[in-house]
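What follows is the content of coords-v2.cif, which has mmCIF, C-alpha atoms:
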```cif
data_protein
loop_
_atom_site.group_PDB
_atom_site.id
_atom_site.type_symbol
_atom_site.label_atom_id
_atom_site.label_comp_id
_atom_site.auth_asym_id
_atom_site.auth_seq_id
_atom_site.Cartn_x
_atom_site.Cartn_y
_atom_site.Cartn_z
ATOM 1 C CA MET A 1 33.412 95.926 2.732
ATOM 2 C CA LYS A 2 31.663 98.578 0.596
ATOM 3 C CA LYS A 3 30.930 100.463 3.814
ATOM 4 C CA ILE A 4 34.584 100.246 4.836
ATOM 5 C CA LYS A 5 35.806 101.438 1.460
ATOM 6 C CA LEU A 6 33.429 104.394 1.566
ATOM 7 C CA LEU A 7 34.616 105.375 5.052
ATOM 8 C CA LEU A 8 38.250 105.094 4.053
ATOM 9 C CA ASN A 9 37.735 107.069 0.852
ATOM 10 C CA VAL A 10 36.113 109.878 2.822
ATOM 11 C CA ILE A 11 38.943 109.897 5.377
ATOM 12 C CA ILE A 12 41.699 109.844 2.765
ATOM 13 C CA LEU A 13 39.961 112.574 0.746
ATOM 14 C CA LEU A 14 39.756 114.789 3.815
ATOM 15 C CA LEU A 15 43.415 114.238 4.573
ATOM 16 C CA ILE A 16 44.577 114.732 0.997
ATOM 17 C CA THR A 17 42.758 118.031 0.616
ATOM 18 C CA SER A 18 43.839 119.605 3.868
ATOM 19 C CA CYS A 19 46.977 117.974 5.324
ATOM 20 C CA ASN A 20 50.428 119.392 4.955
ATOM 21 C CA GLY A 21 52.883 118.017 7.494
ATOM 22 C CA ASN A 22 52.528 116.661 11.009
ATOM 23 C CA GLN A 23 50.462 119.493 12.494
ATOM 24 C CA LYS A 24 47.692 119.297 9.925
ATOM 25 C CA PHE A 25 47.721 115.500 9.958
ATOM 26 C CA LEU A 26 47.085 115.557 13.716
ATOM 27 C CA LYS A 27 44.325 118.135 13.274
ATOM 28 C CA GLU A 28 42.539 115.868 10.808
ATOM 29 C CA LEU A 29 43.103 112.896 13.111
ATOM 30 C CA GLN A 30 41.352 114.776 15.909
ATOM 31 C CA GLU A 31 38.379 115.385 13.640
ATOM 32 C CA ILE A 32 38.246 111.731 12.625
ATOM 33 C CA THR A 33 38.290 110.465 16.200
ATOM 34 C CA GLN A 34 35.254 112.577 17.018
ATOM 35 C CA LEU A 35 33.176 110.276 14.801
ATOM 36 C CA LYS A 36 32.838 107.582 17.476
ATOM 37 C CA PRO A 37 34.636 107.070 20.825
ATOM 38 C CA GLN A 38 36.048 103.667 19.873
ATOM 39 C CA TYR A 39 38.208 105.328 17.222
ATOM 40 C CA ASP A 40 39.791 107.426 19.937
ATOM 41 C CA PRO A 41 42.773 106.232 21.984
ATOM 42 C CA VAL A 42 42.042 105.158 25.540
ATOM 43 C CA PRO A 43 42.770 108.155 27.814
ATOM 44 C CA PRO A 44 46.394 108.018 29.046
ATOM 45 C CA ASP A 45 45.518 107.585 32.724
ATOM 46 C CA VAL A 46 43.189 104.668 31.960
ATOM 47 C CA ALA A 47 45.699 103.009 29.603
ATOM 48 C CA ALA A 48 48.457 103.306 32.212
ATOM 49 C CA LYS A 49 46.219 101.706 34.835
ATOM 50 C CA MET A 50 45.267 98.884 32.450
ATOM 51 C CA GLU A 51 48.897 98.064 31.699
ATOM 52 C CA SER A 52 50.091 98.340 35.308
ATOM 53 C CA SER A 53 47.160 96.254 36.574
ATOM 54 C CA PHE A 54 48.088 93.453 34.171
ATOM 55 C CA LYS A 55 51.787 93.631 35.005
ATOM 56 C CA GLY A 56 51.077 93.734 38.735
ATOM 57 C CA LYS A 57 48.799 90.702 38.825
ATOM 58 C CA THR A 58 48.122 88.495 35.810
ATOM 59 C CA PHE A 59 51.593 88.869 34.293
ATOM 60 C CA LEU A 60 53.269 87.812 37.534
ATOM 61 C CA GLU A 61 50.991 84.790 37.875
ATOM 62 C CA LEU A 62 51.432 83.595 34.282
ATOM 63 C CA ASP A 63 55.172 84.248 34.404
ATOM 64 C CA LYS A 64 55.477 82.240 37.615
ATOM 65 C CA GLN A 65 53.679 79.346 35.911
ATOM 66 C CA LYS A 66 55.983 79.698 32.856
ATOM 67 C CA LEU A 67 52.966 80.382 30.657
ATOM 68 C CA LEU A 68 54.056 83.692 29.171
ATOM 69 C CA ASN A 69 56.709 84.883 26.755
ATOM 70 C CA GLY A 70 56.654 88.639 27.306
ATOM 71 C CA ASP A 71 53.815 91.129 27.723
ATOM 72 C CA GLU A 72 53.308 92.172 24.105
ATOM 73 C CA PHE A 73 52.859 90.818 20.599
ATOM 74 C CA ILE A 74 54.075 92.527 17.425
ATOM 75 C CA LEU A 75 52.186 92.591 14.134
ATOM 76 C CA GLU A 76 54.784 93.612 11.571
ATOM 77 C CA LYS A 77 53.809 95.731 8.560
ATOM 78 C CA LYS A 78 54.095 92.723 6.217
ATOM 79 C CA GLU A 79 51.533 90.745 8.204
ATOM 80 C CA TRP A 80 49.381 93.849 8.722
ATOM 81 C CA LEU A 81 49.255 94.319 4.954
ATOM 82 C CA GLU A 82 48.216 90.677 4.596
ATOM 83 C CA ILE A 83 45.205 91.423 6.792
ATOM 84 C CA CYS A 84 44.400 94.550 4.786
ATOM 85 C CA ASN A 85 44.603 92.592 1.521
ATOM 86 C CA PHE A 86 42.524 89.708 2.897
ATOM 87 C CA LEU A 87 39.749 92.101 3.920
ATOM 88 C CA GLN A 88 39.934 93.826 0.544
ATOM 89 C CA SER A 89 39.448 90.549 -1.334
ATOM 90 C CA ASN A 90 36.909 88.925 1.020
ATOM 91 C CA ASN A 91 33.814 91.085 1.352
ATOM 92 C CA LYS A 92 32.060 88.571 3.622
ATOM 93 C CA VAL A 93 34.407 89.222 6.545
ATOM 94 C CA SER A 94 32.585 90.965 9.376
ATOM 95 C CA VAL A 95 34.843 90.372 12.371
ATOM 96 C CA ILE A 96 38.486 89.559 13.080
ATOM 97 C CA ARG A 97 38.814 87.357 16.156
ATOM 98 C CA LEU A 98 41.986 87.220 18.233
ATOM 99 C CA TYR A 99 41.937 83.856 19.994
ATOM 100 C CA PHE A 100 43.917 83.089 23.135
ATOM 101 C CA VAL A 101 45.662 79.704 22.846
ATOM 102 C CA GLN A 102 48.406 77.701 24.477
ATOM 103 C CA PHE A 103 50.681 77.289 21.495
ATOM 104 C CA ASP A 104 52.152 73.905 20.538
ATOM 105 C CA SER A 105 54.564 73.866 17.589
ATOM 106 C CA ASN A 106 54.985 70.102 17.951
ATOM 107 C CA LEU A 107 51.561 69.541 16.399
ATOM 108 C CA ASN A 108 52.965 70.311 12.948
ATOM 109 C CA SER A 109 56.482 70.882 11.639
ATOM 110 C CA LYS A 110 55.158 73.925 9.741
ATOM 111 C CA TYR A 111 54.643 75.665 13.093
ATOM 112 C CA ALA A 112 58.329 75.510 14.046
ATOM 113 C CA SER A 113 58.913 79.250 13.625
ATOM 114 C CA LEU A 114 56.683 79.875 16.663
ATOM 115 C CA LYS A 115 58.551 77.427 18.882
ATOM 116 C CA PRO A 116 59.459 80.202 21.396
ATOM 117 C CA TYR A 117 55.763 80.185 22.331
ATOM 118 C CA ASP A 118 55.538 76.456 22.989
ATOM 119 C CA GLY A 119 53.357 75.898 26.040
ATOM 120 C CA LYS A 120 52.748 79.625 26.442
ATOM 121 C CA LEU A 121 49.997 82.141 25.853
ATOM 122 C CA TYR A 122 49.716 83.141 22.224
ATOM 123 C CA ILE A 123 47.165 84.868 19.988
ATOM 124 C CA LEU A 124 45.844 83.316 16.773
ATOM 125 C CA LEU A 125 43.779 85.266 14.279
ATOM 126 C CA GLY A 126 40.663 84.152 12.406
ATOM 127 C CA TYR A 127 38.300 85.859 9.964
ATOM 128 C CA PHE A 128 34.538 85.407 10.452
ATOM 129 C CA ASP A 129 31.397 86.409 8.598
ATOM 130 C CA GLY A 130 28.262 87.903 10.116
ATOM 131 C CA THR A 131 26.912 84.471 11.086
ATOM 132 C CA GLY A 132 30.059 83.517 13.010
ATOM 133 C CA LYS A 133 31.377 81.185 10.304
ATOM 134 C CA LEU A 134 35.152 80.867 9.884
ATOM 135 C CA ILE A 135 36.286 82.083 6.462
ATOM 136 C CA ASN A 136 38.969 80.218 4.518
ATOM 137 C CA ASP A 137 38.991 77.298 7.002
ATOM 138 C CA LYS A 138 42.254 78.445 8.593
ATOM 139 C CA TYR A 139 43.593 80.329 11.596
ATOM 140 C CA TYR A 140 46.753 82.402 11.401
ATOM 141 C CA GLY A 141 49.797 82.921 13.592
ATOM 142 C CA MET A 142 50.772 86.472 12.630
ATOM 143 C CA MET A 143 51.962 87.948 15.919
ATOM 144 C CA SER A 144 55.715 88.116 16.590
ATOM 145 C CA VAL A 145 56.573 85.734 13.745
ATOM 146 C CA ASN A 146 60.118 85.543 12.392
ATOM 147 C CA SER A 147 59.558 83.950 8.994
ATOM 148 C CA GLY A 148 56.098 84.950 7.845
ATOM 149 C CA THR A 149 52.516 84.056 8.712
ATOM 150 C CA VAL A 150 51.927 80.543 10.034
ATOM 151 C CA GLU A 151 48.707 78.884 8.848
ATOM 152 C CA ILE A 152 47.011 76.755 11.512
ATOM 153 C CA ILE A 153 44.540 74.031 10.584
ATOM 154 C CA PRO A 154 41.275 73.974 12.583
ATOM 155 C CA ASP A 155 41.996 70.638 14.310
ATOM 156 C CA ASP A 156 45.273 71.939 15.716
ATOM 157 C CA PHE A 157 43.679 75.247 16.637
ATOM 158 C CA LEU A 158 41.023 73.418 18.671
ATOM 159 C CA ILE A 159 43.691 71.521 20.619
ATOM 160 C CA MET A 160 45.606 74.714 21.409
ATOM 161 C CA HIS A 161 42.461 76.654 22.302
ATOM 162 C CA GLU A 162 41.226 73.884 24.602
ATOM 163 C CA ASN A 163 44.639 73.775 26.269
ATOM 164 C CA TYR A 164 44.378 77.524 26.871
ATOM 165 C CA LYS A 165 40.990 77.032 28.534
ATOM 166 C CA LYS A 166 42.325 74.183 30.659
ATOM 167 C CA ASN A 167 45.827 75.384 31.542
ATOM 168 C CA ILE A 168 45.969 79.196 31.259
ATOM 169 C CA LYS A 169 42.482 80.630 31.588
ATOM 170 C CA PRO A 170 42.002 79.451 35.225
ATOM 171 C CA HIS A 171 45.011 81.535 36.287
ATOM 172 C CA ILE A 172 43.448 84.633 34.696
ATOM 173 C CA ASN A 173 39.942 83.955 36.001
ATOM 174 C CA GLN A 174 40.909 84.759 39.573
ATOM 175 C CA TYR A 175 41.343 88.426 38.629
ATOM 176 C CA CYS A 176 38.046 88.787 36.702
ATOM 177 C CA ILE A 177 34.931 89.986 38.493
ATOM 178 C CA THR A 178 33.007 87.455 36.379
ATOM 179 C CA LYS A 179 35.552 84.710 37.227
ATOM 180 C CA ASN A 180 35.423 83.827 33.536
ATOM 181 C CA ASN A 181 38.014 85.474 31.311
ATOM 182 C CA THR A 182 37.115 85.930 27.667
ATOM 183 C CA GLU A 183 38.422 83.309 25.241
ATOM 184 C CA TYR A 184 38.846 85.654 22.298
ATOM 185 C CA LEU A 185 38.746 89.334 21.405
ATOM 186 C CA SER A 186 36.763 90.679 18.450
ATOM 187 C CA ILE A 187 37.678 93.557 16.154
ATOM 188 C CA ASP A 188 34.953 94.847 13.850
ATOM 189 C CA VAL A 189 36.342 95.199 10.327
ATOM 190 C CA ILE A 190 35.036 98.771 10.130
ATOM 191 C CA ASP A 191 37.064 99.697 13.218
ATOM 192 C CA PHE A 192 40.113 98.009 11.673
ATOM 193 C CA GLY A 193 39.421 99.854 8.419
ATOM 194 C CA ILE A 194 39.306 103.258 10.112
ATOM 195 C CA GLN A 195 42.662 102.594 11.793
ATOM 196 C CA GLN A 196 44.036 101.347 8.467
ATOM 197 C CA GLY A 197 42.938 104.548 6.748
ATOM 198 C CA VAL A 198 44.622 106.738 9.337
ATOM 199 C CA ILE A 199 47.853 104.704 9.135
ATOM 200 C CA LYS A 200 47.895 105.032 5.348
ATOM 201 C CA ALA A 201 47.225 108.757 5.607
ATOM 202 C CA HIS A 202 50.107 109.070 8.078
ATOM 203 C CA ASP A 203 52.472 107.361 5.639
ATOM 204 C CA LYS A 204 51.321 109.641 2.839
ATOM 205 C CA TYR A 205 52.105 112.830 4.735
ATOM 206 C CA GLU A 206 54.991 111.856 7.022
ATOM 207 C CA ASN A 207 58.622 111.070 6.194
ATOM 208 C CA VAL A 208 58.890 108.435 8.943
ATOM 209 C CA LYS A 209 56.636 105.525 7.984
ATOM 210 C CA PHE A 210 54.510 102.973 9.816
ATOM 211 C CA LYS A 211 56.504 99.908 10.916
ATOM 212 C CA ASN A 212 54.255 97.698 13.039
ATOM 213 C CA LEU A 213 51.383 97.425 15.487
ATOM 214 C CA LYS A 214 52.287 96.591 19.066
ATOM 215 C CA PHE A 215 49.578 94.672 20.937
ATOM 216 C CA LYS A 216 50.187 95.270 24.640
ATOM 217 C CA LEU A 217 48.606 92.797 27.038
ATOM 218 C CA SER A 218 46.475 94.760 29.470
ATOM 219 C CA GLU A 219 43.735 94.285 32.008
ATOM 220 C CA VAL A 220 40.385 96.038 32.203
ATOM 221 C CA VAL A 221 40.155 98.378 35.193
ATOM 222 C CA ASP A 222 37.229 100.191 36.758
ATOM 223 C CA PRO A 223 37.130 103.555 34.958
ATOM 224 C CA SER A 224 34.478 105.145 37.161
ATOM 225 C CA SER A 225 37.021 106.329 39.717
ATOM 226 C CA ILE A 226 39.543 107.550 37.146
ATOM 227 C CA VAL A 227 39.588 111.065 35.766
ATOM 228 C CA ILE A 228 38.629 110.850 32.084
ATOM 229 C CA THR A 229 38.335 114.140 30.264
ATOM 230 C CA LYS A 230 36.655 112.743 27.165
ATOM 231 C CA SER A 231 33.943 110.109 26.603
ATOM 232 C CA LYS A 232 33.865 108.985 30.247
ATOM 233 C CA ASN A 233 30.399 107.496 29.932
ATOM 234 C CA TYR A 234 31.537 105.417 26.954
ATOM 235 C CA TYR A 235 34.432 103.879 28.861
ATOM 236 C CA VAL A 236 32.378 103.302 32.009
ATOM 237 C CA THR A 237 29.829 101.421 29.895
ATOM 238 C CA LYS A 238 32.516 99.508 27.991
ATOM 239 C CA TYR A 239 34.586 98.414 30.997
ATOM 240 C CA ASN A 240 32.422 98.475 34.112
ATOM 241 C CA ASN A 241 31.238 94.850 33.878
ATOM 242 C CA GLU A 242 34.528 93.493 32.554
ATOM 243 C CA ILE A 243 37.016 94.427 35.284
ATOM 244 C CA GLY A 244 39.998 92.083 35.319
ATOM 245 C CA GLN A 245 39.453 90.773 31.790
ATOM 246 C CA LEU A 246 42.573 90.235 29.701
ATOM 247 C CA THR A 247 42.658 92.470 26.627
ATOM 248 C CA THR A 248 45.124 94.352 24.443
ATOM 249 C CA LEU A 249 45.923 97.970 23.681
ATOM 250 C CA THR A 250 47.618 98.767 20.376
ATOM 251 C CA ASP A 251 50.341 101.275 19.540
ATOM 252 C CA ALA A 252 51.283 102.069 15.958
ATOM 253 C CA ILE A 253 55.094 102.220 15.778
ATOM 254 C CA ASP A 254 57.087 104.053 13.117
ATOM 255 C CA THR A 255 60.416 103.198 11.497
ATOM 256 C CA ASP A 256 62.224 105.254 14.135
ATOM 257 C CA ASP A 257 60.709 102.883 16.732
ATOM 258 C CA LYS A 258 58.586 105.680 18.131
ATOM 259 C CA ILE A 259 54.855 105.645 18.808
ATOM 260 C CA ILE A 260 52.884 107.462 16.123
ATOM 261 C CA SER A 261 51.142 110.359 17.822
ATOM 262 C CA GLY A 262 47.376 109.841 17.912
ATOM 263 C CA LEU A 263 47.641 106.108 17.158
ATOM 264 C CA ASP A 264 48.616 104.950 20.632
ATOM 265 C CA ASN A 265 46.619 102.981 23.218
ATOM 266 C CA TYR A 266 43.793 101.998 20.896
ATOM 267 C CA ASP A 267 41.324 99.462 22.251
ATOM 268 C CA LEU A 268 39.442 98.166 19.214
ATOM 269 C CA ASN A 269 38.415 94.969 20.993
ATOM 270 C CA SER A 270 35.003 93.795 22.058
ATOM 271 C CA LEU A 271 35.276 91.809 25.290
ATOM 272 C CA SER A 272 33.551 88.663 26.513
ATOM 273 C CA PRO A 273 32.045 87.611 23.196
ATOM 274 C CA PRO A 274 29.548 84.742 23.283
ATOM 275 C CA ASN A 275 31.107 81.308 22.880
#
```

Let me see whether you can do it: turn the structure in this file into structure tokens.
Amino acid sequence: MKKIKLLLNVIILLLITSCNGNQKFLKELQEITQLKPQYDPVPPDVAAKMESSFKGKTFLELDKQKLLNGDEFILEKKEWLEICNFLQSNNKVSVIRLYFVQFDSNLNSKYASLKPYDGKLYILLGYFDGTGKLINDKYYGMMSVNSGTVEIIPDDFLIMHENYKKNIKPHINQYCITKNNTEYLSIDVIDFGIQQGVIKAHDKYENVKFKNLKFKLSEVVDPSSIVITKSKNYYVTKYNNEIGQLTTLTDAIDTDDKIISGLDNYDLNSLSPPN
């Protein structure tokens, strides 16, 4: 976490000393995203293909099987701040994992607020250290919740995750070149921290504030045949062996329900992690 704090302090200092309104904020954002390609939004043509590929294949299949409740998940600012605070107070966290599950609110009455996702694809969040150990012995339902974060005990998580592997994953596998869709996505806490720093800088310099993160279900496409004006080699390396994998792209949404410029179509995920 010291590394994250240092990165964020540098970013905020740069923005504080030189930003004055939207134009200068975007200029600093462009400089920040030159640090590493993964901090840069996916090129628009690639993002559009990823979303349309999912909607044209996997979405239709899962919807037909009644295994899906929409094509996006929303992380509201309240829950986003909970993640930020958790990372701030737990310096052992190395990775945030987003687990695919088949949700079952009947396992515990405390899960009732997520009943709309009963029997359907859902994403649960867990915090892990550098050795792959779960921190705090809990998983969290934070996406599209109506009454606050839902804490999931490990035994119930295992049931829901196994049900995903048995009942949902096979329908996705048919579209993967590996025939084995990933079971969770990983976000490095440094990548999350960079995005967090930019969001906080946006709120400092803009009148319209950050409202939520929209996680859009998407599908990895072959980028080699798509025109990419920036970092093409990075995306070819990142996606070439993962075509058809289910993933997410994130948009930061402001209080006017508009996408924050420069914080759209982020892919912070690592695909196909080892199980």

message = Once the PyMOL selection byres ((chain A and resi 131) around 12) is applied to the coordinates I shared, what remains selected? I want it as a list in words.
response =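 Those residues are Lys92, Val93, Ser94, Val95, Tyr127, Phe128, Asp129, Gly130, Gly132, Lys133, Leu134 and Ile135 of chain A.
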
inquiry  = I need the residue nearest Asp156 (chain A) from this list: A:Lys179, A:Lys55, A:Lys138, A:Lys169. Use only C-alpha atoms for the distance.
reply    =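 Using only C-alpha atoms, Asp156 (chain A) sits closest to A:Lys138.
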
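Applied to the file shown here, the PyMOL selection byres ((chain A and resi 143-154) around 8) selects Phe73, Ile74, Leu75, Glu76, Glu79, Lys110, Tyr111, Ser113, Leu114, Ile123, Leu124, Asp137, Lys138, Tyr139, Tyr140, Gly141, Met142, Asp155, Asp156, Phe157 and Leu158 of chain A.
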
Could you turn the residues from that selection into a file that holds C-alpha atoms, as a PDB file, in the coordinates of the input?
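Result file is part-v3.pdb:
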```
ATOM      1  CA  PHE A  73      52.859  90.818  20.599  1.00  0.00           C
ATOM      2  CA  ILE A  74      54.075  92.527  17.425  1.00  0.00           C
ATOM      3  CA  LEU A  75      52.186  92.591  14.134  1.00  0.00           C
ATOM      4  CA  GLU A  76      54.784  93.612  11.571  1.00  0.00           C
ATOM      5  CA  GLU A  79      51.533  90.745   8.204  1.00  0.00           C
ATOM      6  CA  LYS A 110      55.158  73.925   9.741  1.00  0.00           C
ATOM      7  CA  TYR A 111      54.643  75.665  13.093  1.00  0.00           C
ATOM      8  CA  SER A 113      58.913  79.250  13.625  1.00  0.00           C
ATOM      9  CA  LEU A 114      56.683  79.875  16.663  1.00  0.00           C
ATOM     10  CA  ILE A 123      47.165  84.868  19.988  1.00  0.00           C
ATOM     11  CA  LEU A 124      45.844  83.316  16.773  1.00  0.00           C
ATOM     12  CA  ASP A 137      38.991  77.298   7.002  1.00  0.00           C
ATOM     13  CA  LYS A 138      42.254  78.445   8.593  1.00  0.00           C
ATOM     14  CA  TYR A 139      43.593  80.329  11.596  1.00  0.00           C
ATOM     15  CA  TYR A 140      46.753  82.402  11.401  1.00  0.00           C
ATOM     16  CA  GLY A 141      49.797  82.921  13.592  1.00  0.00           C
ATOM     17  CA  MET A 142      50.772  86.472  12.630  1.00  0.00           C
ATOM     18  CA  ASP A 155      41.996  70.638  14.310  1.00  0.00           C
ATOM     19  CA  ASP A 156      45.273  71.939  15.716  1.00  0.00           C
ATOM     20  CA  PHE A 157      43.679  75.247  16.637  1.00  0.00           C
ATOM     21  CA  LEU A 158      41.023  73.418  18.671  1.00  0.00           C
TER      22      LEU A 158
END
```

task = I need the residue set behind the PyMOL selection byres ((chain A and resi 264-266) around 10) for this file; please write it as JSON, numbers by chain.
result = {"A": [38, 39, 40, 41, 42, 43, 44, 46, 47, 48, 195, 213, 214, 215, 216, 248, 249, 250, 251, 252, 253, 259, 260, 261, 262, 263, 267, 268, 269]}

Distance query Phe59 (chain A) at most 10 Å, only C-alpha atoms, self and fewer than 2 positions along chain excluded, as a PyMOL selection string = chain A and resi 51-57+61-65+67-71+172+217-219

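Coordinates place CA of Ile199 (chain A) at a distance of 12.9 Å from CA of Thr255 (chain A).
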
inquiry  = Here is a test: counting all atoms listed in the file, which residue of A:Val220, A:Ala201, A:Leu87, A:Val236 is nearest to Tyr175 (chain A)?
reply    =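 Of A:Val220, A:Ala201, A:Leu87, A:Val236, the one nearest Tyr175 (chain A) is A:Val220, counting all atoms listed in the file.
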